[in-house]
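J.: Pasting in a structure now, in structure tokens, and then I'll have a few things to ask.
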Amino acid sequence: MYNRAEIIDQNFLTFVKEGRLPEARTHVSLSESGLTAAQAVDIFESQVMSRILDLRARELKNDNLCYYTIGSSGHEGNAVFGKVFRMTDMAFLHYRSGALMAQRAKQMQGSTPLYDALLSFVASSDDPISGGRHKVFGSLPLMVPPQTSTIASHLPKAVGAALSIGRARDLQLQGAKMPPDAVVICSFGDASSNHATAQTAFNTASLVSYQGVQLPLVFICEDNGIGISVPTPEGWVHANFSQRPCLEYFYGDGLNIFHLNKVASEAERFARIRRKPVFLHTGTVRLLAHAGSDPEWTYHSMAKIEEAEFNDPLLHSARLLIENSILSPDDCIDLYQSMKARARKVSEYVVTLPKLTKPEDVRASITACVAPRPVPPQPTEDERRAVFGKDYEKLGTTPQHMAKLINYGLVDILHRYKNTLVFGEDVAKKGGVYNVTDGLFAKFGPRRVFNSPLDETSILGTALGVAHNGFLPIPEIQFLAYVHNAEDQLRGEASTLAFFSKGQYTNPMVMRVAGLAYQKGFGGHFHNDNSIAVFRDLPGVIIAIPSNGADAVKMMRTCVKTAQRDGRVVVFIEPIALYMTKDLHVEGDKQWSSTYPEVNEEIALGEFGTYGDGKDILVITYGNGYFYTRQAEKELREKLNIGLRIIDLRWVAPLDWPALMREVKAYSKVLVVEECRKTGSFSEQLVAGIVERSSLDKLPKIKVVSADDCFIPLGPAAAAGLPKKAEIIAGVLEMMK
């Protein structure tokens, strides 16, 4: 009763042999479908391969040889999409795409979809996409980036990838992955269509198309009527999507490959020729429950389970082939049994292949990049003079605050790296809330500097998508607190891509975000967000926090070069309170202003800055903390004869621990000045790391001066709980007692 896999397997053989096959829900002839007889058989073979893989996975799971048994059974009609769409149409696929992958692989000579899938099932390190790190559908030559999400978080980057096609054509981008007439496809389930991330993608696609921008994208909603155990109300997907503006709706019967091929071909032509987004809704069934561990009988009656099983898409396809005298019942059974024998033989081999066991092997792909991209040469002085215009003479002569220097830095970067795009909320004509992107729109045009919807998920999703097509995005998030609306785009998508693809796919990106605290008289906790914890636990992500304009320019150059060359994901946090700061101690001293660094000056990843050679206390800090520590240092030195050495970390990740510990070991007292909330702050990692790396007899006395565990209020009390000059001096004096 409970082994439905065996029942479904036996049902196919019995029902085909007896001619007891389900009736058609839709009616399209072979000639109307656009398929030849041979193509129909080919699609059926891919459907069978997908089913047999599901069944074999469950058998291997029972023997503890397979680790992930969520399957594609019931969705095998998506094999049609593997035929209709070209191999050069990038595909972001969900976890029920077994038949689609099998059919798409047939477009490439020498492909081995059965073998590759089984390698993934048994987590073999020979798996060509993830190297045994996850069961994913993905392939570099097939242009299928691996997806691990189950909640449609891949949809926003599909929008970005589709947007990038026309942008790459218009800009004549060297290194674009997709041809100018390509489309992008992404698949998901009916339950996932309700997720906020999916809604972001649908809205952005409609909004972009509404404005006349080309977006050749096909959303494929495979509607099986249920999400794990929660039913989707009948007719909901049609009601929700059939009337959306600038999103063309098509419906195809996922149980009828003739009907689905006809409709999918129409949808493909619409997206490819008209360069507009499509919502392709396909009705399927779900067989074998949600996953191997899902006891479907606890929420579905046996009658309902058996009804779905009789609507098996393989039975529907067999009926079509038999009715059209393409295959006989015995032919269908022979093909099925032959595939089963192949899968068993291959699986008996793949279970003997090596698996990842060592932690260093597992993490080797976190920052892997198998195809580094060249870094363009520096432009000539005349070229730079032309792009900077009247500002060129100011670069090396007129000290500027951080915001202006970052602006100059972005001009240089956009000029040198022709594949860079700057976008976000208000960044174009307005030049950003703090004028950091002022003038970029006028210099580089709307195809490279453009406004986004007020939606952080779509900003980061677009960045991920355009990066798939050769661009180097520099998206801006207006305030750090707004990242929380979209953090899964960094966690679940950007930071995992290289890991789950062995570095075959990467997400080069430099995400700029105005953040941290001390903004005077403005914003409260949404605009003064003193926490960076959301970024710190993302493996492989670079986190940069400059404290001054010169460092910001040099660090950004390093970030862009590293993203371009190595495909790295970078979070570049710009302290809002220091954007316009010119003076350090007294008004007019201009000690926090800098001239623009020479064009070849950079700061290496992990390289920290130092100030002072005092012998009493070593202070470790970053961002605003460095600014206020510099103020405290002057007073301590001049009035109390206390000498400090200050380290401005600059990089939160990576951290150069050997170099840092060489500094630490020269001091008996270490003060950590942390502008973020103490709980969950970077100071916890610093203190733990110092203790871990110090012998007990030489462990320095350590103290942390940090912000309160409290949100930041609006008004005069905005900085009340933050470490400033007075709090740092008090901390030093306490340590000196």
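Labels for the structure tokens follow display order: chains A, B, ..., residues from 1 in each chain, ligands from 1.
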May I have all residues of region 19-189 of chain A that DSSP, computed from the backbone, assigns to helix (DSSP H, G or I), given as a PyMOL selection string?
T.: chain A and resi 30-33+37-62+76-84+98-105+113-121+155-170
J.: If you count only C-alpha atoms, which residues fall within 7 Å of Val351 (chain A), apart from same-chain ones fewer than 2 positions away, as number ranges by chain?
T.: A: 65, 122, 347-349, 353
J.: Per DSSP on the backbone, what are the strand (DSSP E or B) residues of region 463-643 of chain A, as a PyMOL selection string?
T.: chain A and resi 472-477+509-516+529+542-544+569-575+594+609-611+617-621
J.: Excluding region 293-303 of chain A and any residue of its chain fewer than 6 positions from it, enumerate the residues within 10 Å of it, using only C-alpha atoms, and give them as an MDAnalysis selection string.
T.: chainID A and resid 1:2 4 68:70 228:230 287 309
J.: Quick one: residues within 9 Å of Asp181 (chain A), only C-alpha atoms, excluding same-chain residues fewer than 5 positions away - as a VMD selection string?
T.: chain A and resid 89 165 to 166 216 272 to 273 275
J.: What's around His415 (chain A) at 10 Å? Count only C-alpha atoms, leave out sequence neighbours fewer than 3 positions away in its own chain, and write the answer as a ChimeraX atom specification.
T.: /A:378-379,383-384,387-388,409-412,418-420,443-444
J.: For those residues, write all heavy atoms to a file as a CSV table (one decimal), in the first residue's frame.
T.:
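Contents of result.csv, freshly written:
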```csv
chain,number,residue,atom,x,y,z
A,378,GLN,N,44.6,49.8,-18.0
A,378,GLN,CA,44.3,51.1,-17.6
A,378,GLN,C,44.1,52.0,-18.9
A,378,GLN,O,44.9,51.9,-19.8
A,378,GLN,CB,45.4,51.7,-16.7
A,378,GLN,CG,45.5,51.1,-15.4
A,378,GLN,CD,44.4,51.5,-14.4
A,378,GLN,OE1,43.5,52.2,-14.8
A,378,GLN,NE2,44.5,51.1,-13.2
A,379,PRO,N,43.1,52.9,-18.9
A,379,PRO,CA,43.0,53.8,-20.0
A,379,PRO,C,44.2,54.8,-20.0
A,379,PRO,O,44.8,55.0,-19.0
A,379,PRO,CB,41.7,54.5,-19.7
A,379,PRO,CG,41.4,54.3,-18.3
A,379,PRO,CD,42.1,53.0,-17.9
A,383,GLU,N,42.4,59.6,-22.4
A,383,GLU,CA,41.1,59.0,-22.3
A,383,GLU,C,40.4,59.4,-21.0
A,383,GLU,O,39.2,59.7,-21.0
A,383,GLU,CB,41.2,57.5,-22.5
A,383,GLU,CG,41.6,57.0,-23.9
A,383,GLU,CD,41.8,55.5,-24.0
A,383,GLU,OE1,42.2,54.9,-22.9
A,383,GLU,OE2,41.7,55.0,-25.1
A,384,ARG,N,41.2,59.3,-19.9
A,384,ARG,CA,40.7,59.7,-18.6
A,384,ARG,C,40.3,61.2,-18.6
A,384,ARG,O,39.3,61.5,-18.0
A,384,ARG,CB,41.6,59.3,-17.5
A,384,ARG,CG,41.8,57.8,-17.3
A,384,ARG,CD,42.8,57.5,-16.2
A,384,ARG,NE,42.1,57.8,-14.9
A,384,ARG,CZ,42.7,58.6,-14.0
A,384,ARG,NH1,43.9,59.1,-14.2
A,384,ARG,NH2,42.1,58.8,-12.8
A,387,VAL,N,36.9,61.6,-20.2
A,387,VAL,CA,35.7,61.2,-19.5
A,387,VAL,C,35.5,62.0,-18.2
A,387,VAL,O,34.3,62.2,-17.8
A,387,VAL,CB,35.9,59.6,-19.2
A,387,VAL,CG1,36.8,59.4,-18.0
A,387,VAL,CG2,34.5,59.1,-18.8
A,388,PHE,N,36.5,62.5,-17.6
A,388,PHE,CA,36.3,63.3,-16.4
A,388,PHE,C,36.0,64.7,-16.7
A,388,PHE,O,35.3,65.4,-15.9
A,388,PHE,CB,37.6,63.2,-15.5
A,388,PHE,CG,37.7,62.1,-14.6
A,388,PHE,CD1,38.5,61.0,-14.9
A,388,PHE,CD2,36.9,62.0,-13.4
A,388,PHE,CE1,38.6,59.9,-14.0
A,388,PHE,CE2,37.0,61.0,-12.5
A,388,PHE,CZ,37.8,59.9,-12.8
A,409,GLY,N,35.9,57.4,-8.3
A,409,GLY,CA,36.3,56.1,-8.5
A,409,GLY,C,35.4,55.3,-9.4
A,409,GLY,O,35.8,54.5,-10.3
A,410,LEU,N,34.0,55.5,-9.3
A,410,LEU,CA,33.1,54.9,-10.2
A,410,LEU,C,33.2,55.3,-11.6
A,410,LEU,O,33.0,54.5,-12.6
A,410,LEU,CB,31.7,55.1,-9.7
A,410,LEU,CG,31.3,54.4,-8.4
A,410,LEU,CD1,29.9,54.9,-7.9
A,410,LEU,CD2,31.2,52.9,-8.6
A,411,VAL,N,33.6,56.6,-11.8
A,411,VAL,CA,33.8,57.1,-13.2
A,411,VAL,C,35.0,56.3,-13.8
A,411,VAL,O,34.9,55.8,-15.0
A,411,VAL,CB,34.1,58.6,-13.2
A,411,VAL,CG1,34.6,59.0,-14.6
A,411,VAL,CG2,32.9,59.4,-12.8
A,412,ASP,N,36.1,56.2,-13.1
A,412,ASP,CA,37.2,55.4,-13.6
A,412,ASP,C,36.8,54.0,-13.9
A,412,ASP,O,37.2,53.4,-14.9
A,412,ASP,CB,38.4,55.5,-12.6
A,412,ASP,CG,39.5,56.4,-13.0
A,412,ASP,OD1,39.6,56.7,-14.2
A,412,ASP,OD2,40.2,56.9,-12.1
A,418,LYS,N,34.2,48.0,-19.4
A,418,LYS,CA,33.1,48.3,-20.3
A,418,LYS,C,31.9,47.4,-20.0
A,418,LYS,O,30.8,47.7,-20.4
A,418,LYS,CB,33.5,48.1,-21.7
A,418,LYS,CG,34.7,48.9,-22.2
A,418,LYS,CD,34.5,50.4,-21.9
A,418,LYS,CE,35.7,51.2,-22.4
A,418,LYS,NZ,35.6,52.6,-22.1
A,419,ASN,N,32.1,46.4,-19.2
A,419,ASN,CA,31.0,45.5,-18.8
A,419,ASN,C,30.3,45.8,-17.5
A,419,ASN,O,29.5,45.0,-17.0
A,419,ASN,CB,31.5,44.0,-18.8
A,419,ASN,CG,32.5,43.8,-17.8
A,419,ASN,OD1,33.3,44.7,-17.4
A,419,ASN,ND2,32.7,42.5,-17.3
A,420,THR,N,30.7,46.9,-16.9
A,420,THR,CA,30.1,47.3,-15.6
A,420,THR,C,28.8,48.0,-15.8
A,420,THR,O,28.6,48.8,-16.7
A,420,THR,CB,31.1,48.2,-14.8
A,420,THR,OG1,31.6,49.2,-15.6
A,420,THR,CG2,32.2,47.4,-14.2
A,443,LYS,N,27.3,60.7,-18.1
A,443,LYS,CA,28.6,60.3,-18.8
A,443,LYS,C,28.4,59.0,-19.5
A,443,LYS,O,29.0,58.8,-20.6
A,443,LYS,CB,29.7,60.2,-17.7
A,443,LYS,CG,30.3,61.5,-17.3
A,443,LYS,CD,31.4,61.2,-16.3
A,443,LYS,CE,32.3,62.5,-16.1
A,443,LYS,NZ,31.5,63.5,-15.3
A,444,PHE,N,27.7,58.0,-18.9
A,444,PHE,CA,27.7,56.7,-19.5
A,444,PHE,C,26.3,56.2,-20.0
A,444,PHE,O,26.3,55.1,-20.6
A,444,PHE,CB,28.2,55.7,-18.4
A,444,PHE,CG,29.6,56.0,-17.9
A,444,PHE,CD1,29.8,56.7,-16.8
A,444,PHE,CD2,30.6,55.6,-18.7
A,444,PHE,CE1,31.1,57.0,-16.4
A,444,PHE,CE2,31.9,55.9,-18.3
A,444,PHE,CZ,32.2,56.6,-17.1
```
J.: Fewer than 4 positions away in the same chain doesn't count, so skip those; otherwise give me all residues within 6 Å of region 473-482 of chain A, counting only C-alpha atoms, as an mmCIF file with all heavy atoms, in the first residue's frame.
T.:
```cif
data_model
loop_
_atom_site.group_PDB
_atom_site.id
_atom_site.type_symbol
_atom_site.label_atom_id
_atom_site.label_comp_id
_atom_site.auth_asym_id
_atom_site.auth_seq_id
_atom_site.Cartn_x
_atom_site.Cartn_y
_atom_site.Cartn_z
ATOM 1 N N THR A 420 30.706 46.911 -16.875
ATOM 2 C CA THR A 420 30.107 47.273 -15.595
ATOM 3 C C THR A 420 28.788 48.007 -15.795
ATOM 4 O O THR A 420 28.609 48.768 -16.743
ATOM 5 C CB THR A 420 31.055 48.162 -14.768
ATOM 6 O OG1 THR A 420 31.557 49.218 -15.589
ATOM 7 C CG2 THR A 420 32.209 47.358 -14.204
ATOM 8 N N LEU A 421 27.864 47.755 -14.873
ATOM 9 C CA LEU A 421 26.574 48.435 -14.826
ATOM 10 C C LEU A 421 26.367 48.952 -13.405
ATOM 11 O O LEU A 421 26.634 48.232 -12.441
ATOM 12 C CB LEU A 421 25.427 47.482 -15.176
ATOM 13 C CG LEU A 421 25.472 46.747 -16.525
ATOM 14 C CD1 LEU A 421 24.324 45.752 -16.615
ATOM 15 C CD2 LEU A 421 25.429 47.729 -17.678
ATOM 16 N N VAL A 422 25.893 50.166 -13.272
ATOM 17 C CA VAL A 422 25.556 50.741 -11.972
ATOM 18 C C VAL A 422 24.049 50.968 -11.948
ATOM 19 O O VAL A 422 23.513 51.653 -12.824
ATOM 20 C CB VAL A 422 26.309 52.067 -11.728
ATOM 21 C CG1 VAL A 422 25.773 52.771 -10.482
ATOM 22 C CG2 VAL A 422 27.805 51.804 -11.585
ATOM 23 N N PHE A 423 23.366 50.402 -10.965
ATOM 24 C CA PHE A 423 21.919 50.562 -10.904
ATOM 25 C C PHE A 423 21.434 50.403 -9.473
ATOM 26 O O PHE A 423 22.126 49.869 -8.610
ATOM 27 C CB PHE A 423 21.206 49.573 -11.834
ATOM 28 C CG PHE A 423 21.572 48.130 -11.610
ATOM 29 C CD1 PHE A 423 20.831 47.328 -10.765
ATOM 30 C CD2 PHE A 423 22.669 47.571 -12.255
ATOM 31 C CE1 PHE A 423 21.167 45.992 -10.561
ATOM 32 C CE2 PHE A 423 23.019 46.240 -12.069
ATOM 33 C CZ PHE A 423 22.258 45.455 -11.215
ATOM 34 N N GLY A 424 20.242 50.892 -9.232
ATOM 35 C CA GLY A 424 19.631 50.864 -7.910
ATOM 36 C C GLY A 424 18.578 51.949 -7.825
ATOM 37 O O GLY A 424 18.225 52.582 -8.826
ATOM 38 N N ALA A 463 21.190 41.872 -10.600
ATOM 39 C CA ALA A 463 22.654 41.787 -10.596
ATOM 40 C C ALA A 463 23.122 40.361 -10.847
ATOM 41 O O ALA A 463 24.038 40.119 -11.650
ATOM 42 C CB ALA A 463 23.204 42.296 -9.264
ATOM 43 N N MET A 509 30.072 40.377 -8.652
ATOM 44 C CA MET A 509 29.205 41.473 -8.240
ATOM 45 C C MET A 509 29.911 42.302 -7.179
ATOM 46 O O MET A 509 30.594 41.748 -6.313
ATOM 47 C CB MET A 509 27.898 40.925 -7.650
ATOM 48 C CG MET A 509 26.956 41.985 -7.100
ATOM 49 S SD MET A 509 25.792 41.343 -5.879
ATOM 50 C CE MET A 509 25.044 39.995 -6.754
ATOM 51 N N VAL A 510 29.765 43.617 -7.252
ATOM 52 C CA VAL A 510 30.190 44.490 -6.160
ATOM 53 C C VAL A 510 28.949 45.247 -5.716
ATOM 54 O O VAL A 510 28.506 46.199 -6.367
ATOM 55 C CB VAL A 510 31.298 45.474 -6.599
ATOM 56 C CG1 VAL A 510 31.685 46.381 -5.434
ATOM 57 C CG2 VAL A 510 32.524 44.706 -7.098
ATOM 58 N N MET A 511 28.352 44.785 -4.632
ATOM 59 C CA MET A 511 27.143 45.410 -4.106
ATOM 60 C C MET A 511 27.535 46.565 -3.194
ATOM 61 O O MET A 511 28.103 46.358 -2.133
ATOM 62 C CB MET A 511 26.295 44.401 -3.327
ATOM 63 C CG MET A 511 24.960 44.973 -2.853
ATOM 64 S SD MET A 511 24.144 43.941 -1.622
ATOM 65 C CE MET A 511 24.973 44.503 -0.126
ATOM 66 N N ARG A 512 27.239 47.780 -3.619
ATOM 67 C CA ARG A 512 27.478 48.950 -2.781
ATOM 68 C C ARG A 512 26.268 49.178 -1.883
ATOM 69 O O ARG A 512 25.121 49.101 -2.332
ATOM 70 C CB ARG A 512 27.702 50.202 -3.624
ATOM 71 C CG ARG A 512 28.955 50.203 -4.483
ATOM 72 C CD ARG A 512 29.067 51.500 -5.295
ATOM 73 N NE ARG A 512 28.790 52.657 -4.485
ATOM 74 C CZ ARG A 512 27.681 53.410 -4.585
ATOM 75 N NH1 ARG A 512 26.766 53.133 -5.495
ATOM 76 N NH2 ARG A 512 27.502 54.446 -3.800
ATOM 77 N N VAL A 513 26.536 49.476 -0.621
ATOM 78 C CA VAL A 513 25.429 49.752 0.294
ATOM 79 C C VAL A 513 25.843 50.831 1.278
ATOM 80 O O VAL A 513 26.902 50.761 1.892
ATOM 81 C CB VAL A 513 24.963 48.473 1.029
ATOM 82 C CG1 VAL A 513 26.107 47.783 1.752
ATOM 83 C CG2 VAL A 513 23.831 48.776 1.996
ATOM 84 N N ALA A 514 25.022 51.865 1.372
ATOM 85 C CA ALA A 514 25.237 52.901 2.381
ATOM 86 C C ALA A 514 24.766 52.357 3.719
ATOM 87 O O ALA A 514 23.634 51.879 3.836
ATOM 88 C CB ALA A 514 24.458 54.155 2.000
ATOM 89 N N GLY A 515 25.637 52.412 4.727
ATOM 90 C CA GLY A 515 25.246 51.765 5.965
ATOM 91 C C GLY A 515 25.928 52.291 7.199
ATOM 92 O O GLY A 515 26.610 53.315 7.187
ATOM 93 N N PHE A 526 16.092 52.333 10.435
ATOM 94 C CA PHE A 526 16.165 51.890 9.046
ATOM 95 C C PHE A 526 17.273 52.591 8.271
ATOM 96 O O PHE A 526 17.755 52.078 7.276
ATOM 97 C CB PHE A 526 14.826 52.107 8.334
ATOM 98 C CG PHE A 526 13.918 50.919 8.428
ATOM 99 C CD1 PHE A 526 12.760 50.970 9.182
ATOM 100 C CD2 PHE A 526 14.229 49.734 7.788
ATOM 101 C CE1 PHE A 526 11.932 49.865 9.280
ATOM 102 C CE2 PHE A 526 13.410 48.624 7.882
ATOM 103 C CZ PHE A 526 12.253 48.694 8.632
ATOM 104 N N HIS A 527 17.672 53.747 8.711
ATOM 105 C CA HIS A 527 18.708 54.491 8.010
ATOM 106 C C HIS A 527 20.002 54.535 8.807
ATOM 107 O O HIS A 527 21.034 54.965 8.290
ATOM 108 C CB HIS A 527 18.223 55.911 7.711
ATOM 109 C CG HIS A 527 16.946 55.931 6.935
ATOM 110 N ND1 HIS A 527 15.713 55.876 7.535
ATOM 111 C CD2 HIS A 527 16.709 55.967 5.609
ATOM 112 C CE1 HIS A 527 14.765 55.890 6.607
ATOM 113 N NE2 HIS A 527 15.347 55.944 5.429
ATOM 114 N N ASP A 529 21.626 51.651 10.594
ATOM 115 C CA ASP A 529 21.575 50.230 10.949
ATOM 116 C C ASP A 529 22.976 49.751 11.273
ATOM 117 O O ASP A 529 23.785 49.497 10.377
ATOM 118 C CB ASP A 529 20.993 49.410 9.797
ATOM 119 C CG ASP A 529 20.776 47.961 10.189
ATOM 120 O OD1 ASP A 529 20.661 47.684 11.397
ATOM 121 O OD2 ASP A 529 20.734 47.102 9.301
#
```
J.: Determine the nearest neighbour of Leu114 (chain A) from the options A:Ser501, A:Ser242, A:Gln631, A:Ser46, counting only C-alpha atoms.
T.: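 Among A:Ser501, A:Ser242, A:Gln631, A:Ser46, it is A:Ser46 that comes nearest to Leu114 (chain A).
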J.: Between A:Thr88, A:Ser153, A:Thr380, A:Thr558, single out the one closest to Ala182 (chain A), counting only C-alpha atoms.
T.: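 Smallest distance to Ala182 (chain A) is found for A:Thr88.
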J.: Please provide as an MDAnalysis selection string all residues within 9 Å of Leu584 (chain A), with the sequence filter that same-chain residues fewer than 6 positions apart are discarded (counting only C-alpha atoms).
T.: chainID A and resid 590:593 627:628 630:631
J.: With N, CA, C and O atoms retained, write the just-selected residues as an mmCIF file, in the first residue's frame.
T.:
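selection.cif, freshly written:
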```cif
data_model
loop_
_atom_site.group_PDB
_atom_site.id
_atom_site.type_symbol
_atom_site.label_atom_id
_atom_site.label_comp_id
_atom_site.auth_asym_id
_atom_site.auth_seq_id
_atom_site.Cartn_x
_atom_site.Cartn_y
_atom_site.Cartn_z
ATOM 1 N N LYS A 590 40.490 69.635 7.629
ATOM 2 C CA LYS A 590 40.511 68.849 6.388
ATOM 3 C C LYS A 590 41.296 67.534 6.516
ATOM 4 O O LYS A 590 41.727 66.973 5.509
ATOM 5 N N GLN A 591 41.438 67.027 7.752
ATOM 6 C CA GLN A 591 42.223 65.807 7.927
ATOM 7 C C GLN A 591 41.472 64.543 7.509
ATOM 8 O O GLN A 591 42.066 63.465 7.486
ATOM 9 N N TRP A 592 40.186 64.668 7.227
ATOM 10 C CA TRP A 592 39.452 63.488 6.723
ATOM 11 C C TRP A 592 39.097 63.659 5.243
ATOM 12 O O TRP A 592 38.245 62.981 4.699
ATOM 13 N N SER A 593 39.802 64.558 4.592
ATOM 14 C CA SER A 593 39.662 64.754 3.153
ATOM 15 C C SER A 593 40.918 64.229 2.471
ATOM 16 O O SER A 593 41.989 64.179 3.071
ATOM 17 N N PHE A 627 37.468 56.460 12.756
ATOM 18 C CA PHE A 627 37.366 57.921 12.809
ATOM 19 C C PHE A 627 37.364 58.413 14.254
ATOM 20 O O PHE A 627 38.143 59.315 14.623
ATOM 21 N N TYR A 628 36.520 57.819 15.084
ATOM 22 C CA TYR A 628 36.423 58.280 16.471
ATOM 23 C C TYR A 628 37.644 57.882 17.302
ATOM 24 O O TYR A 628 38.030 58.601 18.234
ATOM 25 N N ARG A 630 40.665 57.824 16.137
ATOM 26 C CA ARG A 630 41.679 58.829 15.797
ATOM 27 C C ARG A 630 41.471 60.100 16.626
ATOM 28 O O ARG A 630 42.445 60.739 17.069
ATOM 29 N N GLN A 631 40.233 60.485 16.846
ATOM 30 C CA GLN A 631 39.971 61.644 17.698
ATOM 31 C C GLN A 631 40.426 61.383 19.130
ATOM 32 O O GLN A 631 41.057 62.247 19.765
#
```
J.: Between A:Arg637, A:Arg274, A:Asp391, A:Ala467, which is the closest to Gly439 (chain A) once you count only C-alpha atoms?
T.: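 Nearest to Gly439 (chain A): A:Asp391.
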J.: From the set A:Gln519, A:Ser365, A:Ser209, A:Asn3, which residue has the shortest atom-to-atom contact distance to Leu714 (chain A), counting only C-alpha atoms?
T.: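 The shortest atom-to-atom distance to Leu714 (chain A) comes from A:Gln519.
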J.: Between A:Ala666, A:Lys276, A:Glu734, A:Val569, single out the one closest to Gly614 (chain A), counting only C-alpha atoms.
T.: A:Ala666
J.: Would you mind reading off the distance between CA of Asn528 (chain A) and CA of Phe608 (chain A), one decimal, in Å?
T.: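 These two atoms are separated by 25.0 Å.
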